[in-house]
Structures are given as C-alpha cells and as structure tokens.
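Quick look at structure.txt (compact mmCIF, C-alpha atoms and all ligand atoms):
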# COMPACT_ATOMS: atom_id res chain seq x y z
CA MET U 1034 89.40 78.03 32.26
CA ARG U 1035 86.86 75.67 33.74
CA VAL U 1036 84.79 74.09 30.99
CA LEU U 1037 81.62 72.02 30.86
CA LEU U 1038 81.20 70.00 27.66
CA ILE U 1039 77.67 68.87 26.81
CA GLY U 1040 77.26 65.65 24.83
CA SER U 1041 78.38 62.04 24.68
CA GLY U 1042 79.41 61.18 21.13
CA GLY U 1043 82.51 60.90 19.00
CA ARG U 1044 82.28 64.61 18.24
CA GLU U 1045 82.42 65.44 21.93
CA HIS U 1046 85.31 63.01 22.49
CA ALA U 1047 87.20 64.82 19.71
CA LEU U 1048 86.33 68.21 21.26
CA ALA U 1049 87.56 66.98 24.65
CA MET U 1050 90.85 65.78 23.14
CA ALA U 1051 91.44 69.12 21.44
CA MET U 1052 90.49 71.22 24.49
CA ARG U 1053 92.76 69.09 26.70
CA LYS U 1054 95.72 70.38 24.68
CA SER U 1055 94.94 73.96 25.68
CA PRO U 1056 97.27 75.61 28.19
CA ARG U 1057 94.25 77.65 29.31
CA LEU U 1058 92.20 74.63 30.43
CA THR U 1059 92.18 74.12 34.20
CA ALA U 1060 89.20 71.79 34.57
CA LEU U 1061 87.06 69.84 32.14
CA PHE U 1062 83.67 68.31 32.94
CA ALA U 1063 81.45 66.42 30.53
CA ALA U 1064 77.72 65.86 30.78
CA PRO U 1065 77.10 63.02 30.36
CA GLY U 1066 80.28 62.04 28.45
CA ASN U 1067 81.22 58.44 27.68
CA PRO U 1068 83.98 56.03 28.75
CA GLY U 1069 86.41 57.53 26.22
CA ILE U 1070 85.72 61.09 27.39
CA ALA U 1071 86.07 59.91 31.00
CA ALA U 1072 89.83 59.57 30.44
CA LEU U 1073 90.00 63.33 29.70
CA ALA U 1074 87.19 64.88 31.74
CA GLU U 1075 85.19 64.35 34.86
CA CYS U 1076 81.88 62.95 33.63
CA VAL U 1077 78.80 64.16 35.46
CA ALA U 1078 75.34 62.64 35.20
CA LEU U 1079 73.50 65.79 34.14
CA ASP U 1080 70.68 65.80 31.63
CA ALA U 1081 71.12 68.45 28.92
CA ALA U 1082 67.33 68.91 28.92
CA ASP U 1083 67.39 69.95 32.59
CA HIS U 1084 68.50 73.55 32.13
CA ALA U 1085 68.11 74.42 35.81
CA ALA U 1086 70.40 71.57 36.89
CA ILE U 1087 73.01 72.61 34.34
CA SER U 1088 72.93 76.25 35.51
CA GLU U 1089 73.25 75.17 39.10
CA PHE U 1090 76.22 72.95 38.28
CA CYS U 1091 77.90 75.80 36.39
CA ARG U 1092 77.46 78.18 39.30
CA ASN U 1093 78.70 75.68 41.88
CA GLN U 1094 81.68 74.68 39.78
CA HIS U 1095 82.54 78.22 38.61
CA ILE U 1096 82.33 77.17 34.97
CA ASP U 1097 83.80 79.75 32.59
CA LEU U 1098 82.52 78.24 29.36
CA VAL U 1099 79.88 75.68 28.40
CA VAL U 1100 80.64 73.97 25.10
CA ILE U 1101 77.54 72.41 23.59
CA GLY U 1102 78.10 69.61 21.08
CA PRO U 1103 74.66 68.42 19.87
CA GLU U 1104 71.83 70.34 18.24
CA VAL U 1105 68.98 69.30 20.51
CA PRO U 1106 70.01 71.41 23.54
CA LEU U 1107 70.76 74.36 21.25
CA VAL U 1108 67.35 74.26 19.63
CA ALA U 1109 65.82 73.86 23.10
CA GLY U 1110 67.43 77.14 24.22
CA LEU U 1111 70.06 75.91 26.68
CA VAL U 1112 72.33 78.81 25.69
CA ASP U 1113 69.66 81.45 26.36
CA GLY U 1114 69.11 80.34 29.94
CA LEU U 1115 72.81 80.10 30.75
CA VAL U 1116 73.78 83.39 29.13
CA ALA U 1117 70.95 85.15 31.00
CA GLN U 1118 72.74 84.09 34.19
CA GLY U 1119 76.10 85.34 32.98
CA ILE U 1120 77.47 81.90 32.03
CA ALA U 1121 79.32 82.00 28.70
CA CYS U 1122 78.40 79.35 26.12
CA PHE U 1123 79.82 78.16 22.85
CA GLY U 1124 76.81 77.73 20.59
CA PRO U 1125 73.87 79.75 19.26
CA THR U 1126 70.78 80.95 21.08
CA LYS U 1127 67.45 79.26 20.50
CA ALA U 1128 66.45 81.86 17.91
CA ALA U 1129 69.72 81.49 16.00
CA ALA U 1130 69.64 77.67 16.23
CA GLN U 1131 66.49 77.81 14.08
CA LEU U 1132 68.97 77.73 11.19
CA GLU U 1133 69.23 74.04 12.03
CA GLY U 1134 65.94 73.53 13.85
CA SER U 1135 63.64 74.55 11.02
CA LYS U 1136 64.17 73.97 7.33
CA GLY U 1137 61.36 76.42 6.54
CA PHE U 1138 63.12 79.12 8.59
CA THR U 1139 66.38 78.51 6.74
CA LYS U 1140 64.63 78.78 3.40
CA ARG U 1141 63.18 82.14 4.45
CA ILE U 1142 66.70 83.28 5.39
CA CYS U 1143 67.87 82.07 1.96
CA ASP U 1144 65.20 84.23 0.31
CA ALA U 1145 65.89 87.29 2.46
CA ALA U 1146 69.68 87.09 2.10
CA GLY U 1147 69.73 85.87 -1.51
CA LEU U 1148 71.66 82.68 -0.77
CA PRO U 1149 72.12 80.15 -3.57
CA THR U 1150 69.98 77.14 -2.69
CA ALA U 1151 67.54 74.65 -4.22
CA ALA U 1152 64.16 76.02 -5.34
CA TYR U 1153 61.49 75.03 -2.83
CA GLN U 1154 57.93 75.29 -1.60
CA ALA U 1155 56.76 74.85 1.99
CA PHE U 1156 53.47 73.22 3.03
CA ASP U 1157 51.56 72.62 6.24
CA ARG U 1158 48.84 70.41 4.75
CA LEU U 1159 49.01 67.19 2.76
CA ALA U 1160 46.59 68.06 -0.07
CA PRO U 1161 48.41 71.12 -1.46
CA ALA U 1162 51.73 69.31 -1.07
CA MET U 1163 50.35 66.41 -3.15
CA ASP U 1164 49.08 68.87 -5.77
CA ALA U 1165 52.49 70.50 -6.00
CA LEU U 1166 54.11 67.11 -6.31
CA ALA U 1167 51.78 66.23 -9.18
CA ARG U 1168 52.84 69.46 -10.95
CA LEU U 1169 56.56 69.22 -10.22
CA GLY U 1170 57.11 65.50 -10.76
CA ALA U 1171 60.22 63.54 -9.77
CA PRO U 1172 63.02 63.64 -8.83
CA LEU U 1173 62.15 65.75 -5.82
CA VAL U 1174 63.43 66.08 -2.28
CA VAL U 1175 60.89 65.82 0.54
CA LYS U 1176 61.93 67.25 3.91
CA ALA U 1177 60.11 67.22 7.20
CA ASP U 1178 60.51 70.50 9.08
CA GLY U 1179 62.26 70.17 12.43
CA LEU U 1180 65.10 68.06 13.80
CA ALA U 1181 65.22 64.48 12.58
CA ALA U 1182 68.83 63.31 13.22
CA GLY U 1183 69.54 63.13 9.49
CA LYS U 1184 66.51 60.93 8.89
CA GLY U 1185 63.84 63.46 7.88
CA VAL U 1186 64.87 63.77 4.24
CA VAL U 1187 63.81 61.61 1.31
CA VAL U 1188 65.50 62.15 -2.02
CA ALA U 1189 62.67 60.70 -4.12
CA GLU U 1190 63.50 59.46 -7.59
CA THR U 1191 59.84 58.67 -8.37
CA VAL U 1192 56.51 60.38 -7.67
CA ALA U 1193 55.34 57.29 -5.78
CA GLU U 1194 58.32 57.54 -3.44
CA ALA U 1195 57.66 61.23 -2.85
CA GLU U 1196 53.95 60.58 -2.19
CA ALA U 1197 54.80 57.90 0.34
CA ALA U 1198 57.23 60.27 2.08
CA LEU U 1199 54.60 63.03 2.23
CA GLN U 1200 51.96 60.69 3.62
CA ASN U 1201 54.39 59.47 6.21
CA ILE U 1202 55.35 62.99 7.36
CA PHE U 1203 51.75 64.22 7.54
CA MET U 1204 50.78 61.32 9.81
CA ALA U 1205 52.24 63.48 12.58
CA PRO U 1206 49.91 66.25 13.79
CA GLY U 1207 51.17 69.76 13.02
CA ALA U 1208 53.66 68.47 10.47
CA ARG U 1209 55.24 70.83 7.98
CA VAL U 1210 57.15 69.93 4.90
CA VAL U 1211 59.48 71.47 2.35
CA LEU U 1212 59.51 70.18 -1.24
CA GLU U 1213 62.77 70.95 -2.92
CA GLU U 1214 64.47 70.71 -6.27
CA LYS U 1215 67.06 67.91 -6.34
CA LEU U 1216 70.56 69.34 -6.67
CA GLU U 1217 73.23 67.42 -8.53
CA GLY U 1218 76.89 67.51 -7.65
CA GLU U 1219 79.35 66.71 -4.91
CA GLU U 1220 78.48 67.40 -1.27
CA VAL U 1221 80.87 69.21 1.04
CA SER U 1222 80.62 70.06 4.73
CA PHE U 1223 81.82 73.64 5.22
CA PHE U 1224 82.57 75.04 8.68
CA ALA U 1225 82.58 78.69 9.71
CA LEU U 1226 83.23 79.77 13.28
CA CYS U 1227 81.04 82.76 14.10
CA ASP U 1228 80.81 85.26 16.94
CA GLY U 1229 77.62 87.12 16.02
CA ARG U 1230 79.31 89.67 13.78
CA ASN U 1231 82.22 87.90 12.15
CA ALA U 1232 82.89 84.50 10.66
CA LEU U 1233 86.14 82.61 10.12
CA TYR U 1234 86.56 79.68 7.78
CA PHE U 1235 87.31 76.68 9.97
CA GLY U 1236 87.81 73.92 7.42
CA SER U 1237 85.97 71.53 5.16
CA ALA U 1238 85.23 67.83 5.10
CA GLN U 1239 83.19 65.26 3.26
CA ASP U 1240 81.23 62.53 4.94
CA HIS U 1241 79.60 59.32 3.80
CA LYS U 1242 75.95 59.51 4.76
CA ARG U 1243 74.69 56.18 3.45
CA VAL U 1244 75.08 53.06 5.52
CA GLY U 1245 76.22 50.84 2.64
CA GLU U 1246 79.33 50.61 0.49
CA GLY U 1247 79.15 52.48 -2.80
CA ASP U 1248 77.00 55.09 -0.98
CA THR U 1249 73.91 52.86 -0.96
CA GLY U 1250 71.17 52.11 1.59
CA PRO U 1251 69.51 54.38 4.12
CA ASN U 1252 70.94 57.70 5.30
CA THR U 1253 72.74 57.70 8.64
CA GLY U 1254 74.38 60.28 10.85
CA GLY U 1255 77.57 59.55 8.88
CA MET U 1256 79.65 56.38 8.35
CA GLY U 1257 83.00 58.06 7.79
CA ALA U 1258 84.59 61.33 6.76
CA TYR U 1259 87.78 62.96 5.65
CA ALA U 1260 89.21 66.45 5.72
CA PRO U 1261 89.96 68.67 3.96
CA ALA U 1262 87.54 68.30 1.04
CA PRO U 1263 89.87 68.24 -1.98
CA ARG U 1264 87.60 70.48 -4.07
CA MET U 1265 87.64 73.27 -1.49
CA THR U 1266 90.17 75.56 -3.11
CA PRO U 1267 90.92 79.00 -1.62
CA ASP U 1268 88.76 80.65 -4.31
CA LEU U 1269 85.82 78.40 -3.57
CA VAL U 1270 86.21 79.00 0.17
CA GLU U 1271 86.04 82.74 -0.41
CA GLU U 1272 83.01 82.33 -2.68
CA VAL U 1273 81.14 80.38 0.02
CA MET U 1274 82.11 82.90 2.71
CA ALA U 1275 80.99 85.80 0.49
CA ARG U 1276 77.78 84.31 -0.95
CA ILE U 1277 76.52 82.14 1.90
CA ILE U 1278 78.16 82.61 5.30
CA ARG U 1279 78.52 86.41 5.58
CA PRO U 1280 75.07 87.20 4.14
CA THR U 1281 73.55 84.75 6.64
CA LEU U 1282 75.28 86.47 9.56
CA ALA U 1283 74.17 89.86 8.25
CA GLU U 1284 70.55 88.71 7.93
CA MET U 1285 70.56 87.14 11.40
CA ASN U 1286 71.90 90.42 12.79
CA ARG U 1287 69.29 92.42 10.94
CA ARG U 1288 66.63 90.29 12.64
CA GLY U 1289 68.16 90.91 16.05
CA THR U 1290 69.12 87.25 16.47
CA PRO U 1291 72.88 87.20 15.82
CA PHE U 1292 74.47 83.81 15.21
CA ALA U 1293 77.43 82.74 17.35
CA GLY U 1294 78.88 79.24 17.35
CA MET U 1295 79.77 76.91 14.53
CA LEU U 1296 77.86 77.45 11.31
CA PHE U 1297 78.11 74.19 9.39
CA ALA U 1298 76.88 74.58 5.83
CA GLY U 1299 76.04 71.42 3.91
CA LEU U 1300 76.85 72.42 0.35
CA MET U 1301 76.25 70.92 -3.05
CA LEU U 1302 78.96 71.86 -5.53
CA THR U 1303 76.83 72.16 -8.65
CA THR U 1304 77.79 73.22 -12.15
CA ASP U 1305 76.18 76.58 -11.20
CA GLY U 1306 78.48 76.99 -8.21
CA PRO U 1307 78.06 76.08 -4.53
CA LYS U 1308 74.49 75.83 -3.23
CA LEU U 1309 73.29 75.51 0.32
CA ILE U 1310 71.56 72.21 1.14
CA GLU U 1311 71.15 72.89 4.83
CA PHE U 1312 72.67 74.56 7.84
CA ASN U 1313 73.67 72.91 11.06
CA THR U 1314 74.46 75.11 14.02
CA ARG U 1315 77.18 73.01 15.64
CA PHE U 1316 80.21 70.89 14.85
CA GLY U 1317 79.55 67.89 12.57
CA ASP U 1318 79.73 64.29 13.62
CA PRO U 1319 81.91 62.57 12.29
CA GLU U 1320 83.44 65.66 10.60
CA THR U 1321 84.83 67.00 13.90
CA GLN U 1322 86.84 63.81 14.31
CA VAL U 1323 88.77 64.74 11.13
CA LEU U 1324 88.75 68.55 11.42
CA LEU U 1325 90.18 68.93 14.89
CA PRO U 1326 93.29 66.74 14.48
CA LEU U 1327 94.29 69.14 11.66
CA LEU U 1328 93.85 72.26 13.81
CA GLN U 1329 97.08 73.87 14.94
CA ASP U 1330 95.63 76.74 16.95
CA ASP U 1331 94.19 76.50 20.42
CA LEU U 1332 90.60 75.25 20.10
CA LEU U 1333 89.53 76.42 23.53
CA SER U 1334 90.64 80.00 22.81
CA LEU U 1335 88.69 79.95 19.56
CA LEU U 1336 85.51 78.65 21.20
CA ASP U 1337 85.87 81.21 23.96
CA ALA U 1338 86.35 83.98 21.40
CA SER U 1339 83.20 82.83 19.57
CA ALA U 1340 81.27 83.05 22.83
CA HIS U 1341 82.61 86.55 23.61
CA ALA U 1342 82.24 88.19 20.18
CA SER U 1343 86.00 88.47 19.89
CA LEU U 1344 87.14 86.20 17.08
CA PRO U 1345 90.64 86.89 15.76
CA ALA U 1346 91.06 88.44 12.33
CA HIS U 1347 92.40 85.32 10.64
CA SER U 1348 91.19 81.78 10.18
CA PRO U 1349 92.86 79.22 12.43
CA ALA U 1350 96.03 77.59 11.20
CA LEU U 1351 95.70 74.02 10.01
CA ARG U 1352 98.52 71.54 9.73
CA GLY U 1353 99.22 70.06 6.31
CA GLY U 1354 98.03 66.63 5.34
CA VAL U 1355 94.67 64.99 5.79
CA ALA U 1356 92.63 63.04 8.29
CA LEU U 1357 90.17 60.25 7.59
CA THR U 1358 87.80 58.51 9.95
CA ILE U 1359 85.93 55.22 9.75
CA VAL U 1360 82.76 54.93 11.81
CA VAL U 1361 82.24 51.55 13.40
CA ALA U 1362 78.51 51.09 14.04
CA ALA U 1363 76.56 48.37 15.78
CA LYS U 1364 75.06 45.64 13.60
CA GLY U 1365 71.52 46.70 12.59
CA TYR U 1366 72.36 50.44 12.44
CA PRO U 1367 70.58 52.70 11.56
CA ALA U 1368 67.21 50.95 12.04
CA SER U 1369 67.85 48.85 15.15
CA PRO U 1370 71.44 48.73 16.35
CA LYS U 1371 72.35 45.79 18.56
CA HIS U 1372 73.59 46.85 21.98
CA GLY U 1373 75.95 45.08 24.36
CA GLY U 1374 78.73 43.83 22.06
CA ILE U 1375 82.14 43.77 23.77
CA ILE U 1376 84.91 45.96 22.32
CA GLU U 1377 88.60 45.17 22.82
CA GLY U 1378 91.96 46.11 21.39
CA LEU U 1379 91.68 49.91 21.37
CA GLU U 1380 95.00 50.38 23.20
CA ALA U 1381 96.92 48.53 20.48
CA ALA U 1382 95.14 50.50 17.76
CA VAL U 1383 95.93 53.94 19.19
CA ALA U 1384 99.58 52.96 19.60
CA LEU U 1385 99.90 52.86 15.80
CA PRO U 1386 101.38 55.99 14.16
CA GLY U 1387 98.88 58.75 13.40
CA VAL U 1388 95.88 56.85 14.79
CA ILE U 1389 93.25 58.43 17.05
CA ILE U 1390 90.19 56.62 18.37
CA THR U 1391 87.14 58.41 19.65
CA GLN U 1392 84.22 56.69 21.30
CA ALA U 1393 80.55 57.39 20.64
CA GLY U 1394 77.93 54.86 21.74
CA THR U 1395 80.00 53.03 24.36
CA GLY U 1396 79.50 52.13 27.98
CA LEU U 1397 81.08 50.01 30.68
CA LYS U 1398 79.54 46.74 31.78
CA ASP U 1399 81.18 44.23 34.14
CA GLY U 1400 84.54 45.81 33.45
CA HIS U 1401 84.14 45.57 29.66
CA LEU U 1402 83.75 48.33 27.12
CA VAL U 1403 80.46 47.60 25.34
CA ALA U 1404 78.36 49.13 22.57
CA THR U 1405 75.39 51.17 23.78
CA GLY U 1406 74.46 53.14 20.65
CA GLY U 1407 74.24 53.10 16.87
CA ARG U 1408 77.57 54.65 16.00
CA VAL U 1409 80.08 53.15 18.43
CA LEU U 1410 83.67 54.08 17.52
CA ASN U 1411 85.55 56.36 15.16
CA ILE U 1412 88.89 55.11 13.91
CA THR U 1413 90.74 58.19 12.67
CA ALA U 1414 94.15 58.39 11.04
CA LEU U 1415 96.32 61.25 9.84
CA GLY U 1416 98.40 61.00 6.69
CA ALA U 1417 100.17 63.01 4.04
CA THR U 1418 97.59 61.78 1.54
CA TYR U 1419 94.06 60.36 1.69
CA GLU U 1420 95.51 57.03 0.63
CA GLU U 1421 97.95 56.98 3.53
CA ALA U 1422 95.31 58.05 6.07
CA ALA U 1423 92.87 55.42 4.81
CA THR U 1424 95.48 52.67 4.86
CA ARG U 1425 96.43 53.56 8.42
CA ALA U 1426 92.85 53.75 9.63
CA TYR U 1427 91.89 50.40 8.10
CA ALA U 1428 95.08 48.81 9.52
CA ALA U 1429 94.17 50.14 12.97
CA LEU U 1430 90.70 48.67 12.64
CA THR U 1431 92.13 45.18 12.24
CA THR U 1432 93.53 45.35 15.77
CA VAL U 1433 90.09 46.14 17.25
CA THR U 1434 87.88 43.23 18.28
CA TYR U 1435 84.14 43.96 18.21
CA ALA U 1436 82.11 41.06 16.89
CA ASP U 1437 78.94 43.11 16.35
CA GLY U 1438 80.66 45.97 14.54
CA ILE U 1439 79.84 47.02 11.00
CA TRP U 1440 81.74 49.53 8.92
CA ARG U 1441 82.22 50.51 5.31
CA ARG U 1442 85.39 49.36 3.59
CA ASP U 1443 85.27 52.20 1.05
CA ILE U 1444 85.56 55.37 3.15
CA GLY U 1445 87.29 57.99 1.02
CA TRP U 1446 86.68 56.09 -2.24
CA ARG U 1447 86.19 59.32 -4.14
CA VAL U 1448 89.52 60.82 -3.08
CA ARG U 1449 91.95 58.03 -2.24
CA GLY U 1450 93.91 58.68 -5.42
CA MET U 1451 93.73 62.48 -5.12
CA SER U 1452 95.93 65.04 -3.45
CA PRO U 1453 94.33 67.46 -1.01
CA ALA U 1454 93.66 71.02 -2.19
CA ARG U 1455 95.68 73.61 -0.36
CA GLU U 1456 93.36 74.93 2.27
CA ALA U 1457 92.78 78.67 2.35
CA LEU U 1458 94.17 80.04 5.59
P1 LIG U 1501 69.61 67.46 5.09
O1 LIG U 1501 69.02 66.85 6.32
O2 LIG U 1501 68.89 68.65 4.57
O3 LIG U 1501 71.09 67.60 5.21
O4 LIG U 1501 69.53 66.34 3.98
C1 LIG U 1501 70.16 65.10 4.15
C2 LIG U 1501 70.81 64.67 2.87
O5 LIG U 1501 69.83 64.60 1.83
C3 LIG U 1501 71.83 65.67 2.36
O6 LIG U 1501 73.06 65.50 2.95
C4 LIG U 1501 71.83 65.33 0.88
O7 LIG U 1501 72.60 64.16 0.64
C5 LIG U 1501 70.40 65.02 0.60
N1 LIG U 1501 69.71 66.21 0.10
C6 LIG U 1501 69.03 67.12 0.84
N2 LIG U 1501 68.54 68.10 0.06
C7 LIG U 1501 68.92 67.81 -1.20
C8 LIG U 1501 68.70 68.45 -2.48
N3 LIG U 1501 67.99 69.57 -2.59
N4 LIG U 1501 69.24 67.86 -3.55
C9 LIG U 1501 69.94 66.71 -3.46
N5 LIG U 1501 70.18 66.08 -2.29
C10 LIG U 1501 69.67 66.61 -1.18
N1 LIG U 1502 77.70 64.49 9.62
C1 LIG U 1502 76.62 65.34 9.47
C2 LIG U 1502 76.15 66.00 10.71
O1 LIG U 1502 76.84 66.11 11.69
O2 LIG U 1502 75.03 66.48 10.71
Using the file provided, produce a representation of the structure as structure tokens.
Amino acid sequence: MRVLLIGSGGREHALAMAMRKSPRLTALFAAPGNPGIAALAECVALDAADHAAISEFCRNQHIDLVVIGPEVPLVAGLVDGLVAQGIACFGPTKAAAQLEGSKGFTKRICDAAGLPTAAYQAFDRLAPAMDALARLGAPLVVKADGLAAGKGVVVAETVAEAEAALQNIFMAPGARVVLEEKLEGEEVSFFALCDGRNALYFGSAQDHKRVGEGDTGPNTGGMGAYAPAPRMTPDLVEEVMARIIRPTLAEMNRRGTPFAGMLFAGLMLTTDGPKLIEFNTRFGDPETQVLLPLLQDDLLSLLDASAHASLPAHSPALRGGVALTIVVAAKGYPASPKHGGIIEGLEAAVALPGVIITQAGTGLKDGHLVATGGRVLNITALGATYEEAATRAYAALTTVTYADGIWRRDIGWRVRGMSPAREAL
C-alpha cells in the first residue's frame, strides 16, 4: 500500500513508526512531516489546508490510503473531498468530525443517545450566560465551542474566574459557549477504532495535561502519558463501549453521518461511573506515543479496515507491559515557547533498552536538530511496570542535550507503584 500521512507531530512520528512495520506498506509519504519522520517517510511540502493540492498528489502518486493525524484537517473536511474522488482516508468526514469540532454538537449527541456526561447549558450571548452563572455558582466549567488546541476550557473554582472566562470568550464575534457541571474523578483517554458501523476497543491511556509538576499551571496539549490506564478493567471497558461508544455510532448513523476513524473519548471516572468529558475524532497526542508501541497487530491493516468499513471482529492484540512517555517542551511553553534550541544525543538515548524517541516540534538548521515548536520531543520507554518504564524514560532523558528543554519529573506519579490492569482484548 502507498500511504500519505498528514501531520508533523509526535503522534504522526509514532504512526509512521508503526506503519513502517507493516508488510503491506510499499511507500510512505508525510505532509509535511518532521526530521524524525523523514527517516521513515518521504516528506513532502504540502499544506493540509490545500485540499486540491493533496488530491492531486494522491492521484499522481497512486496513494491507496491517506492517514490524517490532526483534527484541523478533519474538521475542515479533507476526508470528504478525497473520498469523493475515490481516495480512501483514515479519519471521519467533516460532519462526523463535529464530535470534536463542536462541543455543543457533542452535547446534543449526548442528549439524543443518552450518554452519561456532565449537565450543561449552551449559550450564544454573554448576558444569559452570566445569568446562568449567577444561578449555578462555582465550581463550573466554561468551554468555548470550536477547536482550541486544548486551551478553550476553564475549570473555574470561583464565580469571578468563570465570569472572566465568559467575558474573554464573548470578545470574539459569533462566540458560543457551554457551561458545564464540574465532574470529579480520575481522567482516562479511551480509544475506539470505528468503521461507521462497528467499533473496536483500541486501548486506554492517561495523560498529564497541566504544564507543571503536581498537575499545576495552565493546560497544555499534554506533558506526558502512559498506557494502559490501570483502572481500565475489562468490565469498565465493556461499560464504556456499551454506554458511550456504541450509542454514539448508532446516533451518528441515524443522522446519516456515520463515524469512521479513531473515536477518542476523554472520560471522567466518577463515583457514578464513567462520564464523557469530550470526544476527539483522531489519535491522541501524546497518547499515541504510548498506545502504538503496545500494539501487536498490524496498524496499517487496521487503519485500512476502518477506512473501508471492514473492521475485524476482535479488538487488536496488545503486548503485555506498559509504555510511558515524557514530553520535552521548549522553555516558555505553552504561552510562548522559545524556538531554535539545539538538540543532541538522541542516538545514544534510543540505543537504550526499550526506549523510543519521537519528534514533534523539530527542524533542521545548519546541520543541527533544533526546536521549532512548543512540544519538541517525546521520550518513551516500555517496561513490565510503570515504575520500570518511568525509570527507563528518565534515564534516557539524561543522555539528551537540549538546553532550552523543560519537562515534568513526575510523569506517572499516580501509577508508578501500581500494576497495570489486564487489558480487555
Ligand atoms: P476538553 O477540552 O473538553 O477536553 O477539556 C479540557 C480539560 O478540562 C479536560 O481534560 C478536563 O481536565 C477538564 N474538564 C473539561 N470538562 C470538565 C468537567 N465537566 N469537569 C471537570 N473537568 C473538566
Ligand atoms: N492528549 C490529548 C489530545 O490529544 O487531545
């Protein structure tokens, strides 16, 4: 198969590594890719927003499957245009990507399909939202509708904080907002591979969203992750599939907008059972960097089956053990990451047992690997236990030289002493 991978982050580097292992892969291109991906794929300077250029490339290069990593091209309808020309894509159509693209849409799906989620109200004007806030009080979660790269949500502990968040969101013309009950519990990232009709459990992970140690400071795209999530027992997996994932697919079908691709449910494990915080319609970043090293089956065949409504009957086989990843970000992340810092020592780090490094915001300058983005590297390690994986990943990090790098020293703090739950297969 000839594959075009869209994206340039650590998630896409992990996808490229996994697809490279497939006996069915005959050619791999990445648009735009990054220096790490360039070792595995031919990187092409195509803009994911230029749908016509992508279609033309696919036709010229006889691409059999386009694998789309990030949400922005999905929400923009890249899949629709390609599929209309007979080019198969891994990822949802524009209409189905609304599950990530609009929080209001997802809440309406929750109502229609009876999914367990936080109570909410949606608003398109500031005054009624402020009135509701005055009635509901704090704590309260304020969410801007639409994509915000993990930055559109304020978990407000006080009314003043919530008011400030509302005022901020409604500065933008046409803004819409969801006010939501604050859920208490442990968060889990839950992945289900879907083909429009069917869904297969694909694994679970937990990530660290806050920039600072002890889960403090502003939210980020994710500063580290591990898989599997130890609380995800086979019974809980089945409960989430039965109460959240399958009803969502059924409702999307009923509306004539079937969902194919990766359905990534952000869950809160509350004392009342699992509740949906949000959907993403793609692989997670950095969750993919810990999910895929545990996958035993052929990723490319699974993605292809998702695109062709032909998923197998059983969930993919995972190897035992765990994976943990540390995100190395550029100083100043998330507000204003410093670019240009030189990175060295990756070869020595990946030579260590069980260590995998994926690149995210990196580029080449004067023959050096340099930081070009907020999240720069993922240092991933496999282990029999979380403790072993964490020890290996932190040891690998000591061999990397990157003066401007910041990272958390407590990735996996919640689980380092725990043993992983047996994943449901
Ligand atoms: P979202 O963009 O919806 O994933 O929200 C980002 C983060 O905000 C989530 O990962 C949670 O940590 C937090 N969050 C969102 N909604 C809620 C909620 N209803 N209760 C508690 N925390 C929430
Ligand atoms: N790590 C969360 C996400 O990919 O949205």
Review point. Hey, which residues come within 10 Å of ligand LIG 1501 (chain U) if we count all atoms listed in the file? Could you give them as number ranges by chain?
Key: U: 1133, 1136, 1150-1153, 1172-1189, 1211-1222, 1240-1243, 1252-1255, 1298-1301, 1308-1313
Taking all atoms of ligand LIG 1502 (chain U) that the file lists, what box with edges along x, y and z, padded by 5 Å per side, do you get, with centre and edge lengths in Å to one decimal, as lines of an AutoDock Vina configuration file?
center_x = 76.4
center_y = 65.5
center_z = 10.6
size_x = 12.7
size_y = 12.0
size_z = 12.2
Exercise for the section: Name the residues in contact with U:Ala1436 at a cut-off of 9 Å, using all atoms listed in the file, excluding same-chain residues fewer than 6 positions from it; report them as a VMD selection string. Expected result: chain U and resid 1374 to 1376
Among U:Asn1231, U:Thr1358, U:Thr1405, U:Thr1266, ligand LIG 1502 (chain U) is approached most closely, using only C-alpha atoms and all ligand atoms, by U:Thr1358
**Report entry** Protein and nucleic acid residues near (91.0, 73.2, 36.0) (cut-off 12 Å, all atoms listed in the file) as an MDAnalysis selection string
**Finding:** chainID U and resid 1034:1037 1052:1053 1055:1062 1073:1075 1094:1098
May I have the residues within 10 Å of U:Val1270 as a PDB file with C-alpha atoms, in the coordinates of the input, using all atoms listed in the file and disregarding those fewer than 2 positions away in the same chain?
ATOM      1  CA  PHE U1223      81.820  73.640   5.220  1.00  0.00           C
ATOM      2  CA  TYR U1234      86.560  79.680   7.780  1.00  0.00           C
ATOM      3  CA  GLY U1236      87.810  73.920   7.420  1.00  0.00           C
ATOM      4  CA  SER U1237      85.970  71.530   5.160  1.00  0.00           C
ATOM      5  CA  ARG U1264      87.600  70.480  -4.070  1.00  0.00           C
ATOM      6  CA  MET U1265      87.640  73.270  -1.490  1.00  0.00           C
ATOM      7  CA  THR U1266      90.170  75.560  -3.110  1.00  0.00           C
ATOM      8  CA  PRO U1267      90.920  79.000  -1.620  1.00  0.00           C
ATOM      9  CA  ASP U1268      88.760  80.650  -4.310  1.00  0.00           C
ATOM     10  CA  GLU U1272      83.010  82.330  -2.680  1.00  0.00           C
ATOM     11  CA  VAL U1273      81.140  80.380   0.020  1.00  0.00           C
ATOM     12  CA  MET U1274      82.110  82.900   2.710  1.00  0.00           C
ATOM     13  CA  ALA U1275      80.990  85.800   0.490  1.00  0.00           C
ATOM     14  CA  PRO U1307      78.060  76.080  -4.530  1.00  0.00           C
ATOM     15  CA  GLU U1456      93.360  74.930   2.270  1.00  0.00           C
ATOM     16  CA  ALA U1457      92.780  78.670   2.350  1.00  0.00           C
ATOM     17  CA  LEU U1458      94.170  80.040   5.590  1.00  0.00           C
TER      18      LEU U1458
END
